Each structure stands twice: as C-alpha cells, then as structure tokens.
file coords.txt (compact mmCIF, C-alpha atoms (C1' of nucleotides))
# COMPACT_ATOMS: atom_id res chain seq x y z
CA MET A 1 96.11 141.91 -2.00
CA MET A 2 99.21 140.80 -0.08
CA ALA A 3 98.12 139.03 3.06
CA GLU A 4 101.31 139.97 4.91
CA LYS A 5 102.65 143.48 4.88
CA PRO A 6 106.32 144.27 5.57
CA VAL A 7 105.37 146.34 8.62
CA ARG A 8 108.74 148.11 8.59
CA LYS A 9 108.07 151.06 6.34
CA ARG A 10 107.09 154.63 6.85
CA ARG A 11 105.37 153.96 10.11
CA LYS A 12 106.20 157.43 11.40
CA SER A 13 103.73 159.63 9.62
CA GLY A 14 101.14 156.86 9.53
CA ASP A 15 100.67 156.64 13.27
CA GLU A 16 100.93 160.38 13.61
CA ILE A 17 98.09 160.92 11.20
CA ARG A 18 96.10 158.23 12.95
CA THR A 19 96.35 160.02 16.27
CA THR A 20 95.55 163.31 14.56
CA ILE A 21 92.37 161.75 13.23
CA VAL A 22 91.44 160.26 16.58
CA ASN A 23 91.98 163.60 18.28
CA ALA A 24 89.86 165.37 15.70
CA ALA A 25 87.04 162.89 16.21
CA THR A 26 87.28 163.27 19.96
CA ARG A 27 87.15 167.02 19.69
CA ILE A 28 84.10 166.95 17.46
CA VAL A 29 82.20 164.65 19.80
CA MET A 30 83.00 166.82 22.81
CA GLU A 31 82.14 170.09 21.10
CA GLN A 32 79.26 169.18 18.81
CA GLY A 33 77.90 165.84 19.99
CA ALA A 34 78.09 162.34 18.68
CA ALA A 35 75.52 162.90 15.95
CA ARG A 36 77.78 165.46 14.30
CA MET A 37 80.70 163.06 14.18
CA THR A 38 80.46 162.17 10.50
CA LEU A 39 83.37 160.86 8.53
CA ALA A 40 83.41 163.94 6.34
CA ASP A 41 83.53 166.32 9.29
CA VAL A 42 86.18 164.33 11.11
CA ALA A 43 88.30 164.28 7.97
CA LYS A 44 87.94 168.00 7.53
CA ALA A 45 88.83 168.67 11.16
CA ALA A 46 91.90 166.48 10.75
CA GLY A 47 92.93 168.35 7.62
CA ILE A 48 92.42 165.37 5.41
CA SER A 49 89.89 164.07 2.93
CA LYS A 50 87.33 161.42 3.65
CA GLY A 51 89.12 159.02 1.35
CA GLY A 52 92.32 159.63 3.27
CA LEU A 53 90.57 158.98 6.55
CA LEU A 54 89.20 155.70 5.31
CA HIS A 55 92.66 154.80 4.18
CA TYR A 56 93.74 154.77 7.82
CA PHE A 57 90.53 153.51 9.40
CA ALA A 58 88.61 151.02 7.34
CA SER A 59 85.27 152.01 8.82
CA LYS A 60 83.65 154.35 11.25
CA ASP A 61 83.45 151.53 13.76
CA ALA A 62 87.18 151.02 13.48
CA LEU A 63 87.73 154.69 14.19
CA ILE A 64 85.54 154.59 17.27
CA ARG A 65 87.32 151.48 18.50
CA ALA A 66 90.61 153.30 18.06
CA MET A 67 89.25 156.21 20.07
CA ILE A 68 88.30 153.87 22.87
CA THR A 69 91.57 151.97 23.02
CA ALA A 70 93.53 155.22 22.79
CA GLY A 71 91.66 156.64 25.75
CA LEU A 72 91.97 153.48 27.78
CA ASP A 73 95.66 153.06 27.02
CA SER A 74 96.37 156.62 28.06
CA PHE A 75 94.42 156.12 31.26
CA GLU A 76 96.21 152.87 32.01
CA GLU A 77 99.58 154.44 31.37
CA LYS A 78 98.98 157.41 33.63
CA THR A 79 97.66 155.39 36.53
CA THR A 80 100.47 152.83 36.52
CA ALA A 81 103.03 155.63 36.36
CA MET A 82 101.37 157.26 39.34
CA ILE A 83 101.21 154.10 41.39
CA ALA A 84 104.95 153.57 41.03
CA SER A 85 105.62 156.64 43.17
CA ASP A 86 103.06 155.82 45.88
CA PRO A 87 103.41 152.42 47.58
CA THR A 88 100.91 153.07 50.39
CA PRO A 89 97.48 151.41 50.54
CA GLY A 90 94.92 153.05 48.33
CA SER A 91 97.52 154.08 45.79
CA TYR A 92 95.57 152.72 42.85
CA LEU A 93 92.42 154.44 43.96
CA ARG A 94 94.22 157.76 44.29
CA ALA A 95 95.71 157.31 40.84
CA TYR A 96 92.22 156.54 39.52
CA ILE A 97 90.90 159.76 41.02
CA THR A 98 93.62 162.12 39.91
CA THR A 99 93.86 160.60 36.45
CA SER A 100 90.12 160.93 35.97
CA PHE A 101 90.26 164.62 36.83
CA PRO A 102 93.50 166.10 35.57
CA ALA A 103 94.26 169.81 35.83
CA GLU A 104 93.25 170.48 32.25
CA ARG A 105 90.22 168.59 31.11
CA ALA A 106 90.75 165.95 28.47
CA ASP A 107 87.61 163.89 28.13
CA ASP A 108 88.96 161.54 25.54
CA ILE A 109 87.45 158.49 27.20
CA ALA A 110 84.10 160.18 27.62
CA ALA A 111 83.97 161.19 23.97
CA ALA A 112 84.87 157.68 22.87
CA MET A 113 82.18 156.17 25.06
CA ILE A 114 79.55 158.59 23.84
CA ALA A 115 80.46 157.87 20.24
CA GLY A 116 80.24 154.17 20.96
CA ILE A 117 76.87 154.38 22.66
CA ALA A 118 75.46 156.48 19.86
CA THR A 119 76.42 154.06 17.10
CA ASP A 120 76.62 150.59 18.62
CA PRO A 121 76.89 149.64 22.30
CA ASP A 122 78.87 146.55 21.33
CA LEU A 123 81.80 148.82 20.62
CA LEU A 124 82.19 149.26 24.36
CA ALA A 125 83.38 145.69 24.79
CA ASP A 126 86.96 146.82 25.36
CA TYR A 127 85.75 149.12 28.06
CA ALA A 128 83.99 146.24 29.78
CA VAL A 129 87.20 144.22 29.83
CA GLU A 130 89.07 147.11 31.37
CA SER A 131 86.32 147.66 33.90
CA THR A 132 86.77 144.24 35.43
CA LYS A 133 90.52 144.86 35.68
CA TRP A 134 89.85 147.99 37.65
CA SER A 135 87.64 146.09 40.04
CA ASP A 136 90.32 143.45 40.55
CA ARG A 137 92.91 146.05 41.31
CA LEU A 138 90.64 147.74 43.78
CA ARG A 139 90.46 144.48 45.70
CA ASP A 140 94.24 144.45 45.99
CA ASP A 141 94.58 148.07 46.93
CA GLY A 142 94.85 147.51 50.66
CA LEU A 143 91.50 149.08 51.53
CA ASP A 144 88.13 147.70 52.43
CA TYR A 145 86.72 146.71 49.06
CA LEU A 146 83.27 148.18 49.43
CA HIS A 147 84.68 151.42 50.75
CA ALA A 148 86.96 151.55 47.72
CA GLU A 149 84.06 150.91 45.36
CA VAL A 150 82.09 153.76 46.87
CA ILE A 151 84.95 156.09 46.08
CA ARG A 152 85.57 154.66 42.63
CA LEU A 153 81.93 154.88 41.62
CA ALA A 154 81.65 158.39 43.02
CA VAL A 155 84.49 159.27 40.66
CA ASP A 156 82.61 157.63 37.82
CA GLY A 157 79.45 159.44 38.77
CA LEU A 158 81.09 162.84 38.64
CA TYR A 159 82.93 161.91 35.47
CA PHE A 160 79.84 160.74 33.63
CA ASN A 161 77.78 163.71 34.74
CA GLU A 162 80.39 166.13 33.47
CA ALA A 163 80.90 164.12 30.31
CA ILE A 164 77.30 164.67 29.26
CA GLY A 165 77.54 168.34 30.06
CA LEU A 166 75.90 168.36 33.48
CA PRO A 167 78.26 169.68 36.13
CA PRO A 168 76.50 168.58 39.33
CA LEU A 169 78.86 170.49 41.59
CA SER A 170 79.87 174.12 41.78
CA LEU A 171 83.53 174.72 41.11
CA PRO A 172 84.57 175.24 44.73
CA ASP A 173 82.44 172.31 45.82
CA ARG A 174 84.05 170.20 43.14
CA ALA A 175 87.51 170.96 44.45
CA GLU A 176 86.43 170.14 48.00
CA PHE A 177 84.76 166.99 46.77
CA LEU A 178 87.91 165.70 45.11
CA LYS A 179 89.94 166.47 48.21
CA ARG A 180 87.39 164.57 50.25
CA LEU A 181 87.64 161.55 47.98
CA ILE A 182 91.42 161.54 48.28
CA ALA A 183 91.10 161.79 52.05
CA MET A 184 88.71 158.86 52.03
CA THR A 185 91.36 156.69 50.40
CA ARG A 186 93.37 157.09 53.58
CA VAL A 187 90.59 156.20 55.99
CA SER A 188 91.16 152.76 57.41
CA ALA A 189 88.41 150.31 56.69
CA GLU A 190 87.19 149.73 60.22
CA VAL A 191 86.00 153.27 60.56
CA GLN A 192 83.20 152.33 58.24
CA ARG A 193 81.40 149.52 59.98
CA MET B 194 33.47 177.20 14.32
CA MET B 195 32.93 177.26 18.10
CA ALA B 196 36.08 178.64 19.68
CA GLU B 197 35.37 176.79 22.91
CA LYS B 198 35.11 173.06 22.92
CA PRO B 199 33.31 171.13 25.66
CA VAL B 200 36.69 169.70 26.79
CA ARG B 201 34.98 166.69 28.37
CA LYS B 202 35.40 164.36 25.48
CA ARG B 203 37.68 161.53 24.51
CA ARG B 204 40.88 162.77 26.15
CA LYS B 205 41.50 159.28 27.41
CA SER B 206 43.11 157.53 24.48
CA GLY B 207 45.33 160.45 23.50
CA ASP B 208 47.58 160.44 26.53
CA GLU B 209 47.45 156.68 26.71
CA ILE B 210 48.81 156.35 23.21
CA ARG B 211 51.47 158.90 23.99
CA THR B 212 52.74 156.89 26.93
CA THR B 213 52.55 153.74 24.85
CA ILE B 214 54.79 155.38 22.27
CA VAL B 215 57.22 156.64 24.90
CA ASN B 216 57.43 153.19 26.45
CA ALA B 217 58.04 151.59 23.08
CA ALA B 218 60.84 154.04 22.33
CA THR B 219 62.40 153.42 25.73
CA ARG B 220 62.26 149.68 25.21
CA ILE B 221 63.92 149.91 21.83
CA VAL B 222 66.75 152.05 23.13
CA MET B 223 67.38 149.68 26.03
CA GLU B 224 67.25 146.54 23.93
CA GLN B 225 68.76 147.63 20.62
CA GLY B 226 70.61 150.85 21.24
CA ALA B 227 69.91 154.44 20.35
CA ALA B 228 70.94 154.04 16.73
CA ARG B 229 68.10 151.59 16.19
CA MET B 230 65.51 153.98 17.53
CA THR B 231 64.01 155.07 14.24
CA LEU B 232 60.56 156.54 13.98
CA ALA B 233 59.40 153.60 11.87
CA ASP B 234 60.57 151.04 14.41
CA VAL B 235 59.15 152.93 17.35
CA ALA B 236 55.84 153.21 15.56
CA LYS B 237 55.80 149.50 14.82
CA ALA B 238 56.67 148.62 18.40
CA ALA B 239 53.86 150.86 19.58
CA GLY B 240 51.40 149.22 17.20
CA ILE B 241 50.89 152.38 15.21
CA SER B 242 51.97 153.81 11.90
CA LYS B 243 54.74 156.31 11.43
CA GLY B 244 52.22 158.91 10.42
CA GLY B 245 50.27 158.20 13.57
CA LEU B 246 53.38 158.64 15.67
CA LEU B 247 54.13 161.96 14.05
CA HIS B 248 50.58 162.95 14.78
CA TYR B 249 51.28 162.69 18.52
CA PHE B 250 54.89 163.87 18.50
CA ALA B 251 55.72 166.52 15.95
CA SER B 252 59.33 165.43 15.65
CA LYS B 253 61.81 162.90 16.90
CA ASP B 254 63.26 165.52 19.20
CA ALA B 255 59.84 166.05 20.72
CA LEU B 256 59.57 162.33 21.37
CA ILE B 257 62.95 162.23 23.08
CA ARG B 258 62.04 165.23 25.17
CA ALA B 259 58.87 163.45 26.22
CA MET B 260 60.91 160.41 27.19
CA ILE B 261 63.15 162.54 29.36
CA THR B 262 60.39 164.41 31.13
CA ALA B 263 58.45 161.19 31.67
CA GLY B 264 61.48 159.56 33.30
CA LEU B 265 62.24 162.57 35.44
CA ASP B 266 58.64 163.01 36.53
CA SER B 267 58.41 159.38 37.55
CA PHE B 268 61.65 159.68 39.50
CA GLU B 269 60.49 162.85 41.19
CA GLU B 270 57.18 161.29 42.11
CA LYS B 271 58.71 158.19 43.62
CA THR B 272 61.28 160.03 45.70
CA THR B 273 58.83 162.53 47.15
CA ALA B 274 56.45 159.73 48.04
CA MET B 275 59.27 157.94 49.79
CA ILE B 276 60.43 160.96 51.72
CA ALA B 277 56.99 161.43 53.19
CA SER B 278 57.36 158.25 55.20
CA ASP B 279 60.89 158.95 56.45
CA PRO B 280 61.41 162.22 58.31
CA THR B 281 64.92 161.43 59.59
CA PRO B 282 68.06 163.12 58.24
CA GLY B 283 69.26 161.65 54.97
CA SER B 284 65.75 160.75 53.90
CA TYR B 285 66.12 162.33 50.48
CA LEU B 286 69.40 160.58 49.88
CA ARG B 287 67.90 157.23 50.80
CA ALA B 288 64.99 157.86 48.49
CA TYR B 289 67.45 158.76 45.74
CA ILE B 290 69.27 155.48 46.24
CA THR B 291 66.30 153.15 46.40
CA THR B 292 64.50 154.87 43.56
CA SER B 293 67.58 154.62 41.37
CA PHE B 294 67.79 150.89 41.97
CA PRO B 295 64.31 149.43 42.29
CA ALA B 296 63.71 145.72 42.65
CA GLU B 297 62.88 145.31 39.01
CA ARG B 298 65.03 147.30 36.69
CA ALA B 299 63.38 150.10 34.76
CA ASP B 300 66.03 152.22 33.08
CA ASP B 301 63.66 154.69 31.56
CA ILE B 302 65.83 157.66 32.51
CA ALA B 303 68.94 155.97 31.20
CA ALA B 304 67.30 155.20 27.87
CA ALA B 305 66.07 158.76 27.55
CA MET B 306 69.50 160.15 28.31
CA ILE B 307 71.19 157.86 25.85
CA ALA B 308 68.73 158.79 23.15
CA GLY B 309 69.34 162.44 23.91
CA ILE B 310 73.10 162.16 23.82
CA ALA B 311 72.98 160.25 20.56
CA THR B 312 70.93 162.84 18.74
CA ASP B 313 71.54 166.21 20.38
CA PRO B 314 73.03 166.93 23.80
CA ASP B 315 70.90 170.06 24.07
CA LEU B 316 67.93 167.79 24.67
CA LEU B 317 69.33 167.10 28.13
CA ALA B 318 68.56 170.63 29.28
CA ASP B 319 65.65 169.44 31.38
CA TYR B 320 67.91 166.98 33.06
CA ALA B 321 70.35 169.75 33.93
CA VAL B 322 67.58 171.73 35.60
CA GLU B 323 66.57 168.72 37.66
CA SER B 324 70.17 168.03 38.58
CA THR B 325 70.56 171.35 40.35
CA LYS B 326 67.36 170.68 42.26
CA TRP B 327 68.81 167.42 43.51
CA SER B 328 71.91 169.21 44.71
CA ASP B 329 69.84 171.77 46.55
CA ARG B 330 67.84 169.10 48.29
CA LEU B 331 70.99 167.30 49.31
CA ARG B 332 72.11 170.44 51.10
CA ASP B 333 68.91 170.41 53.14
CA ASP B 334 68.98 166.72 53.91
CA GLY B 335 70.50 167.03 57.35
CA LEU B 336 73.83 165.47 56.47
CA ASP B 337 77.25 166.84 55.75
CA TYR B 338 76.92 168.06 52.18
CA LEU B 339 80.13 166.63 50.79
CA HIS B 340 79.45 163.29 52.42
CA ALA B 341 76.02 163.29 50.83
CA GLU B 342 77.48 164.13 47.42
CA VAL B 343 79.88 161.23 47.65
CA ILE B 344 76.95 158.90 48.14
CA ARG B 345 74.81 160.53 45.48
CA LEU B 346 77.55 160.44 42.88
CA ALA B 347 78.38 156.85 43.78
CA VAL B 348 74.77 156.06 42.96
CA ASP B 349 75.11 157.91 39.68
CA GLY B 350 78.33 156.08 38.93
CA LEU B 351 76.76 152.69 39.37
CA TYR B 352 73.67 153.77 37.50
CA PHE B 353 75.56 155.11 34.49
CA ASN B 354 77.84 152.10 34.34
CA GLU B 355 74.91 149.74 34.28
CA ALA B 356 73.02 151.94 31.85
CA ILE B 357 75.70 151.51 29.22
CA GLY B 358 75.83 147.78 29.81
CA LEU B 359 78.86 147.58 32.06
CA PRO B 360 77.98 146.07 35.41
CA PRO B 361 81.04 147.01 37.47
CA LEU B 362 79.99 144.92 40.47
CA SER B 363 79.14 141.28 40.87
CA LEU B 364 75.58 140.67 41.97
CA PRO B 365 76.38 139.87 45.62
CA ASP B 366 78.80 142.79 45.75
CA ARG B 367 76.15 145.00 44.28
CA ALA B 368 73.70 144.13 47.02
CA GLU B 369 76.32 144.75 49.68
CA PHE B 370 77.27 147.98 48.00
CA LEU B 371 73.74 149.33 48.11
CA LYS B 372 73.40 148.34 51.74
CA ARG B 373 76.63 150.15 52.45
CA LEU B 374 75.37 153.29 50.75
CA ILE B 375 72.19 153.22 52.80
CA ALA B 376 74.22 152.75 55.93
CA MET B 377 76.38 155.70 54.99
CA THR B 378 73.31 157.93 54.93
CA ARG B 379 73.01 157.31 58.66
CA VAL B 380 76.61 158.12 59.54
CA SER B 381 76.74 161.41 61.34
CA ALA B 382 78.75 164.04 59.58
CA GLU B 383 81.51 164.52 62.13
CA VAL B 384 82.78 161.00 61.63
CA GLN B 385 84.08 162.16 58.32
CA ARG B 386 86.47 164.95 59.10
C1' DT C 387 15.48 158.75 12.34
C1' DG C 388 18.00 159.43 8.08
C1' DT C 389 21.27 162.19 5.68
C1' DT C 390 24.92 165.01 5.02
C1' DA C 391 28.70 167.92 6.77
C1' DT C 392 32.77 168.64 9.43
C1' DG C 393 36.96 167.76 11.41
C1' DG C 394 40.14 165.16 13.96
C1' DA C 395 42.68 160.63 14.09
C1' DC C 396 45.43 157.93 11.60
C1' DC C 397 47.74 155.56 7.70
C1' DG C 398 51.57 154.63 4.58
C1' DG C 399 53.92 155.90 0.38
C1' DC C 400 57.17 159.33 -1.02
C1' DT C 401 61.19 162.33 -1.13
C1' DG C 402 65.03 165.04 -0.21
C1' DG C 403 69.04 164.86 1.95
C1' DA C 404 72.69 162.97 4.61
C1' DC C 405 75.95 159.54 5.48
C1' DG C 406 79.05 155.44 5.18
C1' DG C 407 81.69 153.30 2.11
C1' DT C 408 83.73 152.47 -2.87
C1' DT C 409 86.10 153.63 -6.85
C1' DT C 410 89.04 156.00 -9.70
C1' DG C 411 92.73 158.66 -10.65
C1' DG C 412 96.75 161.00 -9.67
C1' DA C 413 100.66 162.85 -6.81
C1' DA C 414 104.54 161.77 -4.04
C1' DT C 415 108.06 158.71 -2.91
C1' DA C 416 111.24 154.96 -3.40
C1' DT D 417 108.11 151.81 -12.60
C1' DA D 418 105.91 150.30 -8.48
C1' DT D 419 103.96 151.37 -4.27
C1' DT D 420 102.05 154.18 -0.93
C1' DC D 421 99.10 157.72 0.10
C1' DC D 422 95.25 160.58 -0.52
C1' DA D 423 91.67 163.42 -2.96
C1' DA D 424 87.19 163.84 -5.13
C1' DA D 425 83.44 162.11 -7.36
C1' DC D 426 80.14 158.83 -6.86
C1' DC D 427 76.88 155.06 -5.16
C1' DG D 428 73.47 152.71 -2.32
C1' DT D 429 71.09 152.94 1.79
C1' DC D 430 68.57 154.74 5.32
C1' DC D 431 65.73 157.86 7.74
C1' DA D 432 63.04 162.09 9.27
C1' DG D 433 59.50 164.55 7.95
C1' DC D 434 55.70 165.57 4.57
C1' DC D 435 51.39 164.90 2.26
C1' DG D 436 47.43 163.09 0.15
C1' DG D 437 43.94 160.36 1.48
C1' DT D 438 40.77 157.20 4.39
C1' DC D 439 38.07 156.31 8.33
C1' DC D 440 35.16 157.42 11.96
C1' DA D 441 32.77 160.08 15.49
C1' DT D 442 29.95 163.67 16.25
C1' DA D 443 26.96 167.41 14.82
C1' DA D 444 23.56 169.88 12.19
C1' DC D 445 19.64 169.56 9.90
C1' DA D 446 15.28 167.67 7.98

call {"tool": "encode", "arguments": {"input": "coords.txt", "output": "structure tokens"}}
result
Amino acid sequence: MMAEKPVRKRRKSGDEIRTTIVNAATRIVMEQGAARMTLADVAKAAGISKGGLLHYFASKDALIRAMITAGLDSFEEKTTAMIASDPTPGSYLRAYITTSFPAERADDIAAAMIAGIATDPDLLADYAVESTKWSDRLRDDGLDYLHAEVIRLAVDGLYFNEAIGLPPLSLPDRAEFLKRLIAMTRVSAEVQR
Amino acid sequence: MMAEKPVRKRRKSGDEIRTTIVNAATRIVMEQGAARMTLADVAKAAGISKGGLLHYFASKDALIRAMITAGLDSFEEKTTAMIASDPTPGSYLRAYITTSFPAERADDIAAAMIAGIATDPDLLADYAVESTKWSDRLRDDGLDYLHAEVIRLAVDGLYFNEAIGLPPLSLPDRAEFLKRLIAMTRVSAEVQR
DNA sequence: TGTTATGGACCGGCTGGACGGTTTGGAATA
DNA sequence: TATTCCAAACCGTCCAGCCGGTCCATAACA
C-alpha cells in the first residue's frame, strides 16, 4: 500500500494523460452538457478505458476538482502575465476582462463550474476561495472599488450567460461592449459620483 | 361519452398542486443541489406520491420546464408592474435590478436554470427567448444601449454568482453596489463617451 | 333515496437501464 | 521478477418511468 511514493518516476506521461482527460471532460460538458459527462464517455473521448481513467483520478469528484483547479490556474497565470506589462491603474481589471474573453473561446472554467453544480455544489469551494482573491485585488487596482465591481460583474454576467448557451448580445454589440468595458477601466472614479 | 365537459368543476386543486410541486422542486434544488432533485424526493417534499407527481407532470423534463416558465412568468409580471409606476428613462432597467434582488431572496429562476443545466441544456430554450426580449426592451429604455447592457449584465453577474453559492460582495458592499447600479440608470448617456 | 356505473385522481411497488466504482488479469517497462 | 499502467468484465446502487390497483366524486338510473 506504500504510504509514501517516490514521486520521481515517469511523471511525464502521467501528467500529460491527466490533462488529456481533463480536456476531454471539458469538451464533453461544453458540447453535450453535464449530464452526458459520464466516466465511460470521458474515457472514450480521451482514448482510454474507464479503468485507466480511474487510475489517474480516483473518483468523478476528483476529476471535476481537477477541472476546476486547472481552469483557475490557467486563468490566474494569464492574468498575472498580463498585469506585468501594464502598470497603470485598472491593470488587473483589464487583464480580467481580456482573459475572460480570449480571441478563441475556451470555456474551461465554465465547463468545470457546470460540472460541479450538476454533481455537488460543494465542489466549487476552490472557486469561492479564488473569488475573494479577485475582490481583494480589485480593491488594490487603483480604481474606485464599486466602479470596478460593476465592470467585473458585467464580465461575469456576459461570461455566465454565454457559458449556458445564451448569447445575450449580437456579435457586433459584443465587440462594442467589451471595448466599452475596457474604456471604463480608464475612467477616473470621480466621474461616477 | 359527452365530448364536451361542463368545464366549471374542480379546476382549483389541480393548478394548486402543480405549483406546490414546482415550489418543492425549487426548494430542493436551492437547498440540496440539482443532483438531489429526484422525483421521489420532490414528491415527498410536496406531500404527494411519486405516482401522483407523474400524474401532474408527465416527465422530469416537463417538471423542469414548468419551473423555468413559472420563474420567468413571475419575473415578467413583477417587472411590468414596476414599470407602470415609473415612466422615466431607464425604468425597465431599474425594474430589472430591483426584481432580480428583492428584499427576501427567492431564487426560483436560478434553481430552475441550475436544474435545466444539470439535466439537459436544451431545456433553457425558453430562457433564451426571454433573454432576447430583455435586450430589445433595453434598447427602448431611453438610455445609451451599451451603458444599459453594462448594468444589466452586472446584475446578471451578481445574480449568477450568488445563485451558485458564491457571494462575491460583502453585505454592505452589496447594498452599495445595488445603489450604484440604480444611480447608473439615471446617468445620461453622453457622460459615457 | 338507494344502487350501481364510470372515470379521473392518486398511490407505491417494480423494473430496466445507466452509472460510479471495484476487481482481475495482463501487457509494458524497468 | 517487480512495478506501473491500463483494459474489460463485473457489481451494487440509484433513479425515471411504468403499471396495476384503490379511492372517491359524480352521474345515471330506479
């Protein structure tokens, strides 16, 4: 049963397969819905058997948790990279916006959240932790806090709507909308009240 | 066999039971998550048997659809009532805000959406139809359209976040935030650009 | 009024199938 | 050989939907 494992082994293919599985699960949720995300289907989509899948993720919950942390880590990484090249006030908010809506859609976070909601809302605990971090950073972003929250939550609103398959804006409107949000991150606070 | 029935009979209890069932289902989703919304549990919560439930709703999908339409109808009703007593520009947007966040929380729409996502995203079709109506009304609300969409989607963002159990704002901040949104519905458009 | 007929409302046990997770066995690798 | 990795069969559970049956309200008739 070996309580401690050597850790230094054939890590390479292991992590690769893990991300392959996570990507397959994400794709299934986005294309077919959370109800269709069964272990058997995910395994098939990942080119693996169910037994193999469970070798890498001990349970379905573990897989969903991995989906969530993968999405959040990727988001975190992109935003911090973007902030580094933009030291002006509102930089975090702008990174939040552009990372939420990249050129080519990649709703990994949305799929993970949907999967979590469908099976057990407790799985979203990691997301809750991250959410408070975002709020804290917004307070330090050099803008009026409430103004920043309006923008941030507008981003969330568009993101959630699209995640559940309900585009609330026409394509040209959407582009204008995002430009408007970016512009709002440059409006000084006192314009507001 | 009398093809025509008098119609004036015992209609009363039928619809009442239906709403009782819908309310029970909504409560279960909010309190225990969509995965726990089984027909047996809903029936028990409604004080009815599973067979009785299936007598009123032919399938689980039908029940979820009823939840969605009930939530949307209630929302529609409240906003239109509110608009009637507020003829100034931005009246629809203000109604949208205050109806989304009433004094006492009643996340019937959120529960219905979560149940829909968990079982089959196609069930949200009604919601999509309503969504376009909201956009159309925003265009006629007497405000700059993009400005109005920022506010509307900020409402959605807060609503969705809270619906999945992630309050992104502290309680005092939340109150300030809603006041800010209301105030923004009174900002004339040209302030923006 | 008493009796029987009819049909809708409702119950709850049952089942077929799906799904998460386990086990077993074997192939690849070291 | 030992260990890691993975496939496939299998198991136990759970749930949606079905179905036979009961109850009750009204109606038709006498």

call {"tool": "interface_residues", "arguments": {"input": "coords.txt", "of": "chain C", "to": "chain B", "cutoff": "10 Å", "atoms": "all atoms listed in the file", "output": "PyMOL selection string"}}
result
chain C and resi 392+395-398

call {"tool": "residues_around", "arguments": {"input": "coords.txt", "residues": "stretch 74-80 of chain A", "least_positions_apart": "2", "cutoff": "7 Å", "atoms": "only C-alpha atoms (C1' of nucleotides)", "output": "count of residues only"}}
result
9

call {"tool": "interface_residues", "arguments": {"input": "coords.txt", "of": "chain A", "to": "chain B", "cutoff": "8 Å", "atoms": "all atoms listed in the file", "output": "PyMOL selection string"}}
result
chain A and resi 33-35+114-115+117-121+128+131-132+135+146+149-158+160+164-166+168-169+173+176-177+180-181

call {"tool": "atom_distance", "arguments": {"input": "coords.txt", "atom1": "atom CA of A:Thr20", "atom2": "atom C1' of C:DC405"}}
result
21.9 Å

call {"tool": "atom_distance", "arguments": {"input": "coords.txt", "atom1": "atom CA of B:Met223", "atom2": "atom CA of B:Leu286"}}
result
26.3 Å

call {"tool": "closest_residue", "arguments": {"input": "coords.txt", "among": "D:DC427, D:DC435, D:DA443, D:DC422", "to": "chain A", "atoms": "all atoms listed in the file"}}
result
D:DC422

call {"tool": "closest_atom_pairs", "arguments": {"input": "coords.txt", "of": "chain D", "to": "chain B", "cutoff": "12 Å", "atoms": "all atoms listed in the file", "output": "Markdown table"}}
result
| residue | atom | partner | partner_atom | distance |
| --- | --- | --- | --- | --- |
| D:DC430 | C1' | B:Thr231 | CA | 10.0 |
| D:DC431 | C1' | B:Thr231 | CA | 7.3 |
| D:DA432 | C1' | B:Leu232 | CA | 7.7 |
| D:DG433 | C1' | B:Ser252 | CA | 7.8 |
| D:DC434 | C1' | B:Gly244 | CA | 9.5 |
| D:DC435 | C1' | B:Gly244 | CA | 10.2 |
| D:DA441 | C1' | B:Arg203 | CA | 10.4 |
| D:DT442 | C1' | B:Lys202 | CA | 10.7 |
| D:DA443 | C1' | B:Met194 | CA | 11.8 |

call {"tool": "write_last_selection", "arguments": {"input": "coords.txt", "atoms": "C-alpha atoms (C1' of nucleotides)", "output": "mmCIF file, in the coordinates of the input"}}
result
data_model
loop_
_atom_site.group_PDB
_atom_site.id
_atom_site.type_symbol
_atom_site.label_atom_id
_atom_site.label_comp_id
_atom_site.auth_asym_id
_atom_site.auth_seq_id
_atom_site.Cartn_x
_atom_site.Cartn_y
_atom_site.Cartn_z
ATOM 1 C "C1'" DC D 430 68.570 154.740 5.320
ATOM 2 C "C1'" DC D 431 65.730 157.860 7.740
ATOM 3 C "C1'" DA D 432 63.040 162.090 9.270
ATOM 4 C "C1'" DG D 433 59.500 164.550 7.950
ATOM 5 C "C1'" DC D 434 55.700 165.570 4.570
ATOM 6 C "C1'" DC D 435 51.390 164.900 2.260
ATOM 7 C "C1'" DA D 441 32.770 160.080 15.490
ATOM 8 C "C1'" DT D 442 29.950 163.670 16.250
ATOM 9 C "C1'" DA D 443 26.960 167.410 14.820
#

call {"tool": "calpha_fit_rmsd", "arguments": {"input": "coords.txt", "fixed": "chain A", "moving": "chain B"}}
result
1.5 Å

call {"tool": "closest_residue", "arguments": {"input": "coords.txt", "among": "B:Arg220, B:Lys237, B:Arg211, B:Arg330", "to": "B:Ser284", "atoms": "all atoms listed in the file"}}
result
B:Arg330

call {"tool": "residues_around", "arguments": {"input": "coords.txt", "residues": "B:Gly240", "least_positions_apart": "4", "cutoff": "9 Å", "atoms": "only C-alpha atoms (C1' of nucleotides)", "output": "ChimeraX atom specification"}}
result
/B:213-214,235-236

call {"tool": "atom_distance", "arguments": {"input": "coords.txt", "atom1": "atom CA of A:Asp144", "atom2": "atom CA of A:Tyr92"}}
result
13.1 Å

call {"tool": "axis_aligned_box", "arguments": {"input": "coords.txt", "around": "stretch 425-432 of chain D", "padding_each_side": "6 Å", "output": "JSON"}}
result
{"center_x": 73.2, "center_y": 157.4, "center_z": 1.0, "size_x": 32.4, "size_y": 21.4, "size_z": 28.6}
